[in-house]
Amino acid sequence: MAESILDVVNLKKHFPTKRGLVRAIDDITFHMAPGDTLGLVGESGSGKTTTAQCVVGMYAPTAGEIRFKGEPIGMTFKRRSRPLKGDLRIVFQDPGSSLNPKRTIKQILSVPLKVHGIGTRHDRLSRLKALLEMVELPADEYLYKYPQGIGGGEKQMVAIARALATNPSFILLDEPTSALDVSVQGKIINLLLRLRKELNLTYLFITHDLSLMRNVSSRVAIMYLGKLCEIAPTVDFFQHPWHPYTRMLLSSIPVVSDEEEALKPTKQSSKGEIPSPVDIPPGCSFESRCREKGVRCSQDDPAMVEVAAGHFVRCHSAGEGDLSTWGLR
Amino acid sequence: MALLEVKDLHVGYRIFEGDLHVLHGVRLEVNEGERVGLVGETGCGKTTTVKSILRVLPIPPARVMSGEILYRGRDVLSMRPHEVRDLRRREITAIFQDPLQALNPVFTIGTQLRDILKDSTLHSGGRRLAKKEIHSRCITALEETGMPDPERIMTNYPIQLSGGMRQRVCIAEALSRKAQLLLADEPTTNLDVTIQDQILRKLDELVDEKGSSVLMITHSMGVVRDLTQRLHVMYAGTIVEVGPTKVVMAHPAHPYTQGLMRSVPRLTGAGISEGIPGRIPNYLRPPSGCRFHPRCEHAMPICEQEAPPFFDVGESHLAACFLYRR
Amino acid sequence: MRQERKADFLASLAQRRRSLAKGWYKFSRNPLSVIGLVVLVLIGLAAGLAPHITPYPAHARAFTNFKEAGLPPSGEHLFGTDRIGRDVFTRVIFGYRFSLLLGIVVLGLGVAPGVVLGLLAGYHRGTWIETAIMRVTDVFLAVPPLVLALAITAMLTPNLLNEMFAIALLWWPWYCRLVFSVASSLRSQFFVREAELSGASESHILFREMLPNCLAPILTKMTLDMGIVILLGASLSFIGLGVQPPTPCLGTMVADGAKRLPGEWWSTIFPALAIVIVILAFNLVGDGLRDVFSVEEV
């Protein structure tokens, strides 16, 4: 892979609990090039949040490697260097609790500046104003407010400004707009896309919202029970979804028009419950809910197969039959 | 006569900074056997409306300033406590967003379901049921919601079940009351997308079977599309548009609805709009006239002066906007 | 540049003033809390200005006047005189001095270590640090407070200083536990995570991120505790293990006067009432503070 910015190789993260071993991440591999926007999509128990937590340093992997700009970073934040912590940042999901309610916006934004020694005491104020301007919030008004005094969308913009304070090259966005109304979401997403272009950023987007990824990401990856099911460039992904779980997800999306309804796969409607990540049976982890399973599915775990350029699928049926017969229906 | 009619409801809240005029003339209708949606974003007043219908508004600091809520012609707001209880027991039932809060964590599912069944049959003039019969009715109710292994679920505690299963239990509880009107307040917002799909389809089936009427409250346009026949769009404490669901979504008349529909990310990949400029109004000093006018690209002088009434924009399709004044 | 900084300073000040105004509004909605506050302010002023406003300041030191002993309340002696002729009113006001001083010093000494330990234990939840701190706290909490205070003062010479020291030692575990419970739930909040991942130091996280969120219960508890500390001090003096005569102490005065009930009731009742009033005032203010910190849901 020519100069990727992030390499995740055979990553595993297991949590020993009283009920058994939780395989939150069970051997995933993917690479990101600079300027990419990868949408990592999954439901509860998929492991997408744990993946984000490993990348950003909340957990150290149980096995496998994570490399950032070629350097290994498979360790917790305590062992990471300060420049790394400034280069790889995260924006959290819940704007309500990602800003300290007892501190003003000015104090909140000053923290990364002080910690990373950016600017001097004298130009701090102008840097703070510049940060707020970058996310299109009127600085004079907002610097002195408390988080309770501003709306959810604006809180997220402050969180983004905070992430940008250290001039990062990579930002991890953990469901940044899930808690927001749809009319505010557009503003935040467009802001993120503009900033990506202006500041040459790379984004790893964690979400469950496929419709959003259709419009935002350059590549999409689906996770289920700790493993990657499918990963492909966006347009290819939506036009030729292969994995049965991908098609189950797509057919479950609540859409708002007949046009979109026509794009949804029909034969793979949702059934069954998401199993607990403790008791994963042998064979393919999706077998219990799959409508197209074969004999091998309960015995062998499938491997990733490249079915088209840059389009990988982990399914026993992959590689059999050609792409056009699978299509959307 | 409509089953449920909310007429010109005005509700306010008193806080430190002053009086919030939250609901500003809400009008809403659900007819017998109809499925109606109420869609709106955070802070638009949907929850306040639901609470007013169920008479669970915290009074004070809230107060009903004017208006009526008629259920089968009787004003809910002036009912006495025991009448309200009867209403909740036999006529209107609700399912909420967080089933973990709606279910009592220290009792098994079985205990809770049995309690509800006993209560509802006793007070609808039925005879006392034998233990066995209550149990089998509970099992049937759970099976109807698509719950796997209902016998085992009856012995479980809410915390042992997944979100989807808990919501199925809540649906079973609600439907076993055989109520006429089901209020569903964001019933699937906290669930995974594949589970949400199953629950919504099952709800659709069951409501059809039992002939109940539904008022579905949500912020998700996609959810109302499949489940409801008629849609109310709410903004800043008023209803801005009402009409057949698919028509409102495909041909939105009110600028706010248009903005909303533009903001929803589409599977077709058409890109994401900038959303709707501005913020929701401050209820302390709400805009005069039409509450949406500060954010509206079509605003005219009259929009600031008067609150627009409903105008006809199509078959059974109304919008509260002066653009449609003849 | 300077103008910018001035604007910045003024804006921060304005924000602070707004928060205070809102706090006062919430506090003043309860008339009882306001009454409590007024009473406290009066008592505080009286205690502070004691030598200047009391009619017989000399009576607060070694003084005897058997000719005027045992006089009932009158124009010259508002609360009457005690068995050796000292003006009860003066001694009550001076007694307030010591009670308040006791409360302030004890809380000053006892709260700070408790808070720091609680923050540490909460932040390092799940590690040996938490276990060590909380188990030591448990040990201290297991001993009945009065017994421990008695033991300590009995071991050392009974005087005001040792009394304060003994009670302060009793107090820190309560704050440790209180702060621990708030801190351990704060631990998993995103803003704390964010600070860690940014590279902020532990002391920044403990004192700048977590502590401001713990202040509400701490301040409320401190106000309510003042009353309890004063009562504890009075109890120790009542048994004779606190401030020694001739220093006026409300507890000792109650004890001395009790022997003379029901005859010379004024030498007991007034000091006792004084204790009740100050504790009640603190409690009312504490209730008001709880209202100030409660978040209104709309």
# chains A, B, ... in the order shown; residues from 1 in each chain; ligands from 1

call {"tool": "interface_residues", "arguments": {"of": "chain A", "to": "chain B", "cutoff": "7 Å", "atoms": "only C-alpha atoms", "output": "PyMOL selection string"}}
result
chain A and resi 43-44+181-187+190+211-212+214-215+249+252-257+260+270-271

call {"tool": "residues_around", "arguments": {"residues": "Val105 in chain C", "least_positions_apart": "2", "cutoff": "10 Å", "atoms": "only C-alpha atoms", "output": "ChimeraX atom specification"}}
result
/C:100-103,107-111,161,164-165,167-168

call {"tool": "atom_distance", "arguments": {"atom1": "CA of Val6 in chain B", "atom2": "CA of Leu227 in chain B"}}
result
21.3 Å

call {"tool": "closest_residue", "arguments": {"among": "C:Ile152, C:Pro113, C:Tyr96, C:Val292", "to": "chain B", "atoms": "only C-alpha atoms"}}
result
C:Val292

call {"tool": "select_by_dssp", "arguments": {"residues": "range 118-317 of chain B", "states": "strand (DSSP E or B)", "output": "MDAnalysis selection string"}}
result
chainID B and resid 181:185 213:218 230:235 238:244 311:314 317

call {"tool": "residues_around", "arguments": {"residues": "Thr266 in chain A", "least_positions_apart": "2", "cutoff": "10 Å", "atoms": "only C-alpha atoms", "output": "ChimeraX atom specification"}}
result
/A:247-248,250-252,261-264,268-269,328-329

call {"tool": "closest_atom_pairs", "arguments": {"of": "chain B", "to": "chain C", "cutoff": "9 Å", "atoms": "only C-alpha atoms", "output": "JSON lines"}}
result
{"residue": "B:Tyr13", "atom": "CA", "partner": "C:Val298", "partner_atom": "CA", "distance": 7.6}
{"residue": "B:Arg14", "atom": "CA", "partner": "C:Val298", "partner_atom": "CA", "distance": 8.9}
{"residue": "B:Ile15", "atom": "CA", "partner": "C:Val298", "partner_atom": "CA", "distance": 8.0}
{"residue": "B:Phe16", "atom": "CA", "partner": "C:Tyr25", "partner_atom": "CA", "distance": 7.5}
{"residue": "B:Glu17", "atom": "CA", "partner": "C:Lys22", "partner_atom": "CA", "distance": 8.6}
{"residue": "B:Pro61", "atom": "CA", "partner": "C:Val298", "partner_atom": "CA", "distance": 8.6}
{"residue": "B:Ala62", "atom": "CA", "partner": "C:Val298", "partner_atom": "CA", "distance": 8.8}

call {"tool": "interface_residues", "arguments": {"of": "chain A", "to": "chain C", "cutoff": "10 Å", "atoms": "only C-alpha atoms", "output": "MDAnalysis selection string"}}
result
chainID A and resid 56:58 76:78 80:104 106:108 111:116 122:123 125:126 140:141 143:146 159 162:163 166

call {"tool": "write_last_selection", "arguments": {"atoms": "C-alpha atoms", "output": "PDB file, in the first residue's frame"}}
result
ATOM      1  CA  VAL A  56      -7.143   6.597  19.403  1.00  0.00           C
ATOM      2  CA  GLY A  57      -5.404   4.885  22.311  1.00  0.00           C
ATOM      3  CA  MET A  58      -8.060   4.134  24.892  1.00  0.00           C
ATOM      4  CA  THR A  76      -2.654   3.289  25.176  1.00  0.00           C
ATOM      5  CA  PHE A  77      -2.496   7.050  25.338  1.00  0.00           C
ATOM      6  CA  LYS A  78      -0.328   6.914  28.424  1.00  0.00           C
ATOM      7  CA  ARG A  80       1.939   7.662  23.295  1.00  0.00           C
ATOM      8  CA  SER A  81       4.085  10.656  22.475  1.00  0.00           C
ATOM      9  CA  ARG A  82       2.621  14.119  22.767  1.00  0.00           C
ATOM     10  CA  PRO A  83       3.020  14.958  19.058  1.00  0.00           C
ATOM     11  CA  LEU A  84       1.088  11.800  18.218  1.00  0.00           C
ATOM     12  CA  LYS A  85      -1.712  12.794  20.540  1.00  0.00           C
ATOM     13  CA  GLY A  86      -1.913  16.109  18.761  1.00  0.00           C
ATOM     14  CA  ASP A  87      -1.834  14.571  15.310  1.00  0.00           C
ATOM     15  CA  LEU A  88      -4.546  11.946  15.771  1.00  0.00           C
ATOM     16  CA  ARG A  89      -7.679  13.399  17.357  1.00  0.00           C
ATOM     17  CA  ILE A  90     -11.196  12.270  18.140  1.00  0.00           C
ATOM     18  CA  VAL A  91     -14.623  13.907  18.157  1.00  0.00           C
ATOM     19  CA  PHE A  92     -17.061  12.065  20.378  1.00  0.00           C
ATOM     20  CA  GLN A  93     -20.636  11.157  19.845  1.00  0.00           C
ATOM     21  CA  ASP A  94     -22.515  12.798  22.629  1.00  0.00           C
ATOM     22  CA  PRO A  95     -22.095  16.556  22.585  1.00  0.00           C
ATOM     23  CA  GLY A  96     -23.753  16.713  25.975  1.00  0.00           C
ATOM     24  CA  SER A  97     -20.953  15.000  27.819  1.00  0.00           C
ATOM     25  CA  SER A  98     -17.958  15.749  25.644  1.00  0.00           C
ATOM     26  CA  LEU A  99     -17.766  19.317  26.931  1.00  0.00           C
ATOM     27  CA  ASN A 100     -17.214  19.957  30.631  1.00  0.00           C
ATOM     28  CA  PRO A 101     -20.435  21.628  31.818  1.00  0.00           C
ATOM     29  CA  LYS A 102     -18.616  23.649  34.447  1.00  0.00           C
ATOM     30  CA  ARG A 103     -16.116  25.270  32.111  1.00  0.00           C
ATOM     31  CA  THR A 104     -16.581  28.014  29.571  1.00  0.00           C
ATOM     32  CA  LYS A 106     -12.788  29.584  26.272  1.00  0.00           C
ATOM     33  CA  GLN A 107     -11.439  27.346  29.018  1.00  0.00           C
ATOM     34  CA  ILE A 108     -12.360  24.198  27.125  1.00  0.00           C
ATOM     35  CA  VAL A 111      -6.732  23.064  27.190  1.00  0.00           C
ATOM     36  CA  PRO A 112      -5.274  21.508  24.031  1.00  0.00           C
ATOM     37  CA  LEU A 113      -3.443  24.763  23.282  1.00  0.00           C
ATOM     38  CA  LYS A 114      -1.830  24.796  26.692  1.00  0.00           C
ATOM     39  CA  VAL A 115      -1.084  21.078  26.819  1.00  0.00           C
ATOM     40  CA  HIS A 116       0.642  21.108  23.456  1.00  0.00           C
ATOM     41  CA  HIS A 122      -0.153  36.658  24.441  1.00  0.00           C
ATOM     42  CA  ASP A 123      -1.557  35.320  21.229  1.00  0.00           C
ATOM     43  CA  LEU A 125      -6.799  34.824  22.697  1.00  0.00           C
ATOM     44  CA  SER A 126      -6.469  35.410  18.983  1.00  0.00           C
ATOM     45  CA  ASP A 140     -17.021  37.182  20.890  1.00  0.00           C
ATOM     46  CA  GLU A 141     -20.323  35.695  21.876  1.00  0.00           C
ATOM     47  CA  LEU A 143     -16.052  32.210  24.117  1.00  0.00           C
ATOM     48  CA  TYR A 144     -17.682  33.034  27.421  1.00  0.00           C
ATOM     49  CA  LYS A 145     -20.681  30.757  27.227  1.00  0.00           C
ATOM     50  CA  TYR A 146     -21.127  27.517  29.061  1.00  0.00           C
ATOM     51  CA  ALA A 159     -15.818  19.753  19.863  1.00  0.00           C
ATOM     52  CA  ARG A 162     -11.137  21.484  19.981  1.00  0.00           C
ATOM     53  CA  ALA A 163      -9.978  18.612  17.803  1.00  0.00           C
ATOM     54  CA  THR A 166      -3.543  20.932  17.618  1.00  0.00           C
TER      55      THR A 166
END

call {"tool": "residues_around", "arguments": {"residues": "Cys297 in chain A", "least_positions_apart": "2", "cutoff": "9 Å", "atoms": "only C-alpha atoms", "output": "number ranges by chain"}}
result
A: 282-287, 293-295, 299-302, 315-316

call {"tool": "write_last_selection", "arguments": {"atoms": "C-alpha atoms", "output": "short mmCIF file (atom, residue, chain, number, x, y, z; two decimals), in the first residue's frame"}}
result
data_model
loop_
_atom_site.label_atom_id
_atom_site.label_comp_id
_atom_site.auth_asym_id
_atom_site.auth_seq_id
_atom_site.Cartn_x
_atom_site.Cartn_y
_atom_site.Cartn_z
CA PRO A 282 -17.97 -21.79 14.98
CA GLY A 283 -18.18 -21.02 11.32
CA CYS A 284 -19.40 -17.71 9.94
CA SER A 285 -20.63 -15.40 12.71
CA PHE A 286 -23.56 -14.27 10.60
CA GLU A 287 -24.81 -17.77 9.89
CA LYS A 293 -26.47 -19.88 4.00
CA GLY A 294 -24.89 -22.99 2.66
CA VAL A 295 -23.37 -26.09 4.23
CA GLN A 299 -18.35 -25.01 9.83
CA ASP A 300 -15.73 -22.72 8.36
CA ASP A 301 -15.17 -19.05 8.91
CA PRO A 302 -14.84 -17.44 5.49
CA CYS A 315 -18.39 -14.74 2.56
CA HIS A 316 -18.26 -18.28 1.21
#

call {"tool": "select_by_dssp", "arguments": {"residues": "range 54-121 of chain C", "states": "alpha helix (DSSP H)", "output": "PyMOL selection string"}}
result
chain C and resi 88-121

call {"tool": "write_last_selection", "arguments": {"atoms": "N, CA and C atoms", "output": "compact mmCIF listing (two decimals), in the first residue's frame"}}
result
# COMPACT_ATOMS: atom_id res chain seq x y z
N VAL C 88 -24.22 36.81 80.92
CA VAL C 88 -24.42 35.67 80.02
C VAL C 88 -24.44 36.10 78.56
N PHE C 89 -25.08 37.24 78.29
CA PHE C 89 -25.18 37.71 76.90
C PHE C 89 -23.79 37.87 76.27
N THR C 90 -22.92 38.56 77.01
CA THR C 90 -21.56 38.76 76.49
C THR C 90 -20.88 37.43 76.23
N ARG C 91 -21.04 36.51 77.17
CA ARG C 91 -20.35 35.24 77.03
C ARG C 91 -20.92 34.42 75.88
N VAL C 92 -22.21 34.60 75.63
CA VAL C 92 -22.79 33.87 74.50
C VAL C 92 -22.18 34.38 73.19
N ILE C 93 -22.10 35.70 73.05
CA ILE C 93 -21.53 36.24 71.82
C ILE C 93 -20.07 35.81 71.66
N PHE C 94 -19.32 35.85 72.75
CA PHE C 94 -17.93 35.38 72.65
C PHE C 94 -17.88 33.89 72.39
N GLY C 95 -18.85 33.20 72.94
CA GLY C 95 -18.92 31.75 72.72
C GLY C 95 -19.11 31.45 71.25
N TYR C 96 -19.91 32.27 70.57
CA TYR C 96 -20.10 32.11 69.13
C TYR C 96 -18.78 32.19 68.39
N ARG C 97 -17.93 33.09 68.90
CA ARG C 97 -16.62 33.23 68.25
C ARG C 97 -15.91 31.91 68.15
N PHE C 98 -15.86 31.24 69.28
CA PHE C 98 -15.12 29.99 69.29
C PHE C 98 -15.81 28.90 68.51
N SER C 99 -17.15 28.89 68.59
CA SER C 99 -17.87 27.87 67.82
C SER C 99 -17.62 28.03 66.34
N LEU C 100 -17.75 29.27 65.88
CA LEU C 100 -17.55 29.50 64.44
C LEU C 100 -16.12 29.20 64.04
N LEU C 101 -15.19 29.60 64.89
CA LEU C 101 -13.78 29.35 64.59
C LEU C 101 -13.54 27.85 64.49
N LEU C 102 -14.12 27.12 65.43
CA LEU C 102 -14.01 25.67 65.40
C LEU C 102 -14.50 25.11 64.08
N GLY C 103 -15.70 25.56 63.68
CA GLY C 103 -16.28 25.07 62.44
C GLY C 103 -15.39 25.36 61.24
N ILE C 104 -14.92 26.58 61.15
CA ILE C 104 -14.11 26.96 59.99
C ILE C 104 -12.80 26.18 59.95
N VAL C 105 -12.14 26.10 61.08
CA VAL C 105 -10.85 25.41 61.08
C VAL C 105 -11.01 23.92 60.79
N VAL C 106 -11.97 23.31 61.46
CA VAL C 106 -12.18 21.87 61.25
C VAL C 106 -12.46 21.57 59.79
N LEU C 107 -13.40 22.32 59.24
CA LEU C 107 -13.74 22.05 57.84
C LEU C 107 -12.56 22.39 56.95
N GLY C 108 -11.87 23.46 57.26
CA GLY C 108 -10.71 23.81 56.46
C GLY C 108 -9.69 22.68 56.47
N LEU C 109 -9.43 22.12 57.66
CA LEU C 109 -8.44 21.05 57.76
C LEU C 109 -8.94 19.73 57.19
N GLY C 110 -10.22 19.46 57.45
CA GLY C 110 -10.70 18.12 57.14
C GLY C 110 -11.19 17.94 55.72
N VAL C 111 -11.74 19.00 55.13
CA VAL C 111 -12.35 18.82 53.81
C VAL C 111 -11.31 18.64 52.72
N ALA C 112 -10.27 19.48 52.75
CA ALA C 112 -9.31 19.45 51.65
C ALA C 112 -8.67 18.07 51.44
N PRO C 113 -8.10 17.44 52.47
CA PRO C 113 -7.52 16.11 52.22
C PRO C 113 -8.56 15.10 51.75
N GLY C 114 -9.77 15.21 52.33
CA GLY C 114 -10.82 14.28 51.93
C GLY C 114 -11.15 14.42 50.46
N VAL C 115 -11.25 15.66 49.99
CA VAL C 115 -11.58 15.90 48.59
C VAL C 115 -10.48 15.37 47.68
N VAL C 116 -9.24 15.68 48.03
CA VAL C 116 -8.13 15.24 47.18
C VAL C 116 -8.09 13.71 47.09
N LEU C 117 -8.24 13.06 48.24
CA LEU C 117 -8.21 11.59 48.23
C LEU C 117 -9.39 11.03 47.44
N GLY C 118 -10.54 11.66 47.59
CA GLY C 118 -11.71 11.20 46.86
C GLY C 118 -11.52 11.32 45.35
N LEU C 119 -10.93 12.42 44.92
CA LEU C 119 -10.68 12.61 43.49
C LEU C 119 -9.72 11.54 42.97
N LEU C 120 -8.65 11.31 43.74
CA LEU C 120 -7.66 10.31 43.33
C LEU C 120 -8.31 8.93 43.22
N ALA C 121 -9.08 8.60 44.28
CA ALA C 121 -9.69 7.28 44.29
C ALA C 121 -10.67 7.13 43.13

call {"tool": "atom_distance", "arguments": {"atom1": "CA of Gly25 in chain B", "atom2": "CA of Val11 in chain B"}}
result
8.6 Å

call {"tool": "atom_distance", "arguments": {"atom1": "CA of Trp171 in chain C", "atom2": "CA of Gly48 in chain C"}}
result
25.4 Å

call {"tool": "residues_around", "arguments": {"residues": "Leu87 in chain B", "least_positions_apart": "5", "cutoff": "9 Å", "atoms": "only C-alpha atoms", "output": "PDB file with C-alpha atoms, in the first residue's frame"}}
result
ATOM      1  CA  LEU B  54     -51.680  11.777  28.764  1.00  0.00           C
ATOM      2  CA  VAL B  76     -59.176  15.363  28.738  1.00  0.00           C
ATOM      3  CA  HIS B  82     -60.105   8.877  38.394  1.00  0.00           C
ATOM      4  CA  ILE B  92     -55.101   5.373  25.436  1.00  0.00           C
ATOM      5  CA  THR B  93     -51.915   3.410  25.846  1.00  0.00           C
TER       6      THR B  93
END

call {"tool": "decode", "arguments": {"residues": "range 182-270 of chain A", "atoms": "C-alpha atoms", "output": "short mmCIF file (atom, residue, chain, number, x, y, z; two decimals), in the first residue's frame"}}
result
data_model
loop_
_atom_site.label_atom_id
_atom_site.label_comp_id
_atom_site.auth_asym_id
_atom_site.auth_seq_id
_atom_site.Cartn_x
_atom_site.Cartn_y
_atom_site.Cartn_z
CA VAL A 182 -31.30 16.21 10.66
CA SER A 183 -31.48 19.92 9.87
CA VAL A 184 -28.39 20.57 11.99
CA GLN A 185 -26.57 17.50 10.74
CA GLY A 186 -26.19 18.99 7.28
CA LYS A 187 -24.36 22.00 8.62
CA ILE A 188 -21.90 19.90 10.63
CA ILE A 189 -21.24 17.47 7.82
CA ASN A 190 -20.66 20.20 5.29
CA LEU A 191 -18.34 21.92 7.73
CA LEU A 192 -16.38 18.70 8.13
CA LEU A 193 -16.12 18.22 4.39
CA ARG A 194 -14.93 21.79 3.86
CA LEU A 195 -12.35 21.47 6.61
CA ARG A 196 -11.11 18.23 5.13
CA LYS A 197 -10.33 19.96 1.90
CA GLU A 198 -8.86 23.10 3.44
CA LEU A 199 -6.68 21.35 5.99
CA ASN A 200 -5.86 18.11 4.16
CA LEU A 201 -7.46 15.92 6.76
CA THR A 202 -8.20 12.22 6.78
CA TYR A 203 -11.38 11.04 8.48
CA LEU A 204 -12.38 7.74 10.01
CA PHE A 205 -16.15 7.98 10.45
CA ILE A 206 -17.82 5.57 12.85
CA THR A 207 -21.55 5.39 12.31
CA HIS A 208 -24.61 3.25 11.85
CA ASP A 209 -26.15 5.58 9.27
CA LEU A 210 -25.59 4.18 5.79
CA SER A 211 -27.55 6.92 4.03
CA LEU A 212 -25.16 9.43 5.49
CA MET A 213 -22.12 7.47 4.37
CA ARG A 214 -23.53 7.28 0.87
CA ASN A 215 -23.02 11.03 0.71
CA VAL A 216 -19.92 11.53 2.76
CA SER A 217 -17.40 8.74 2.59
CA SER A 218 -15.03 7.62 -0.12
CA ARG A 219 -15.05 4.06 1.16
CA VAL A 220 -17.39 2.05 3.35
CA ALA A 221 -16.61 -0.90 5.62
CA ILE A 222 -19.20 -3.03 7.42
CA MET A 223 -18.48 -4.78 10.69
CA TYR A 224 -20.46 -7.54 12.35
CA LEU A 225 -19.54 -9.17 15.65
CA GLY A 226 -15.95 -8.08 15.55
CA LYS A 227 -15.19 -8.95 11.96
CA LEU A 228 -15.23 -7.07 8.71
CA CYS A 229 -17.92 -8.29 6.33
CA GLU A 230 -17.36 -6.07 3.38
CA ILE A 231 -15.25 -3.09 2.43
CA ALA A 232 -15.47 -1.21 -0.86
CA PRO A 233 -15.36 2.23 -2.49
CA THR A 234 -18.68 3.97 -1.83
CA VAL A 235 -20.37 3.93 -5.20
CA ASP A 236 -19.41 0.32 -5.82
CA PHE A 237 -20.54 -0.59 -2.34
CA PHE A 238 -24.03 0.76 -2.80
CA GLN A 239 -24.49 -0.41 -6.34
CA HIS A 240 -23.18 -3.92 -5.82
CA PRO A 241 -23.55 -4.90 -2.16
CA TRP A 242 -22.45 -8.49 -1.84
CA HIS A 243 -22.46 -9.69 1.75
CA PRO A 244 -25.86 -10.88 3.05
CA TYR A 245 -25.49 -8.75 6.15
CA THR A 246 -24.75 -5.66 4.07
CA ARG A 247 -27.89 -6.31 2.11
CA MET A 248 -29.86 -6.89 5.30
CA LEU A 249 -28.66 -3.52 6.59
CA LEU A 250 -29.49 -1.76 3.36
CA SER A 251 -32.97 -3.22 3.23
CA SER A 252 -33.68 -2.04 6.76
CA ILE A 253 -32.87 1.62 6.21
CA PRO A 254 -35.92 3.85 6.63
CA VAL A 255 -35.91 5.94 3.44
CA VAL A 256 -37.97 8.93 2.48
CA SER A 257 -38.79 8.49 -1.17
CA ASP A 258 -39.90 5.90 -3.68
CA GLU A 259 -36.68 6.36 -5.62
CA GLU A 260 -34.64 5.25 -2.67
CA GLU A 261 -37.04 2.45 -1.87
CA ALA A 262 -36.32 1.06 -5.33
CA LEU A 263 -32.61 1.00 -4.54
CA LYS A 264 -32.98 -1.23 -1.51
CA PRO A 265 -32.34 -4.97 -1.78
CA THR A 266 -35.50 -6.97 -1.21
CA LYS A 267 -34.60 -10.55 -0.55
CA GLN A 268 -32.57 -9.99 2.56
CA SER A 269 -35.03 -8.46 5.01
CA SER A 270 -33.97 -8.38 8.62
#
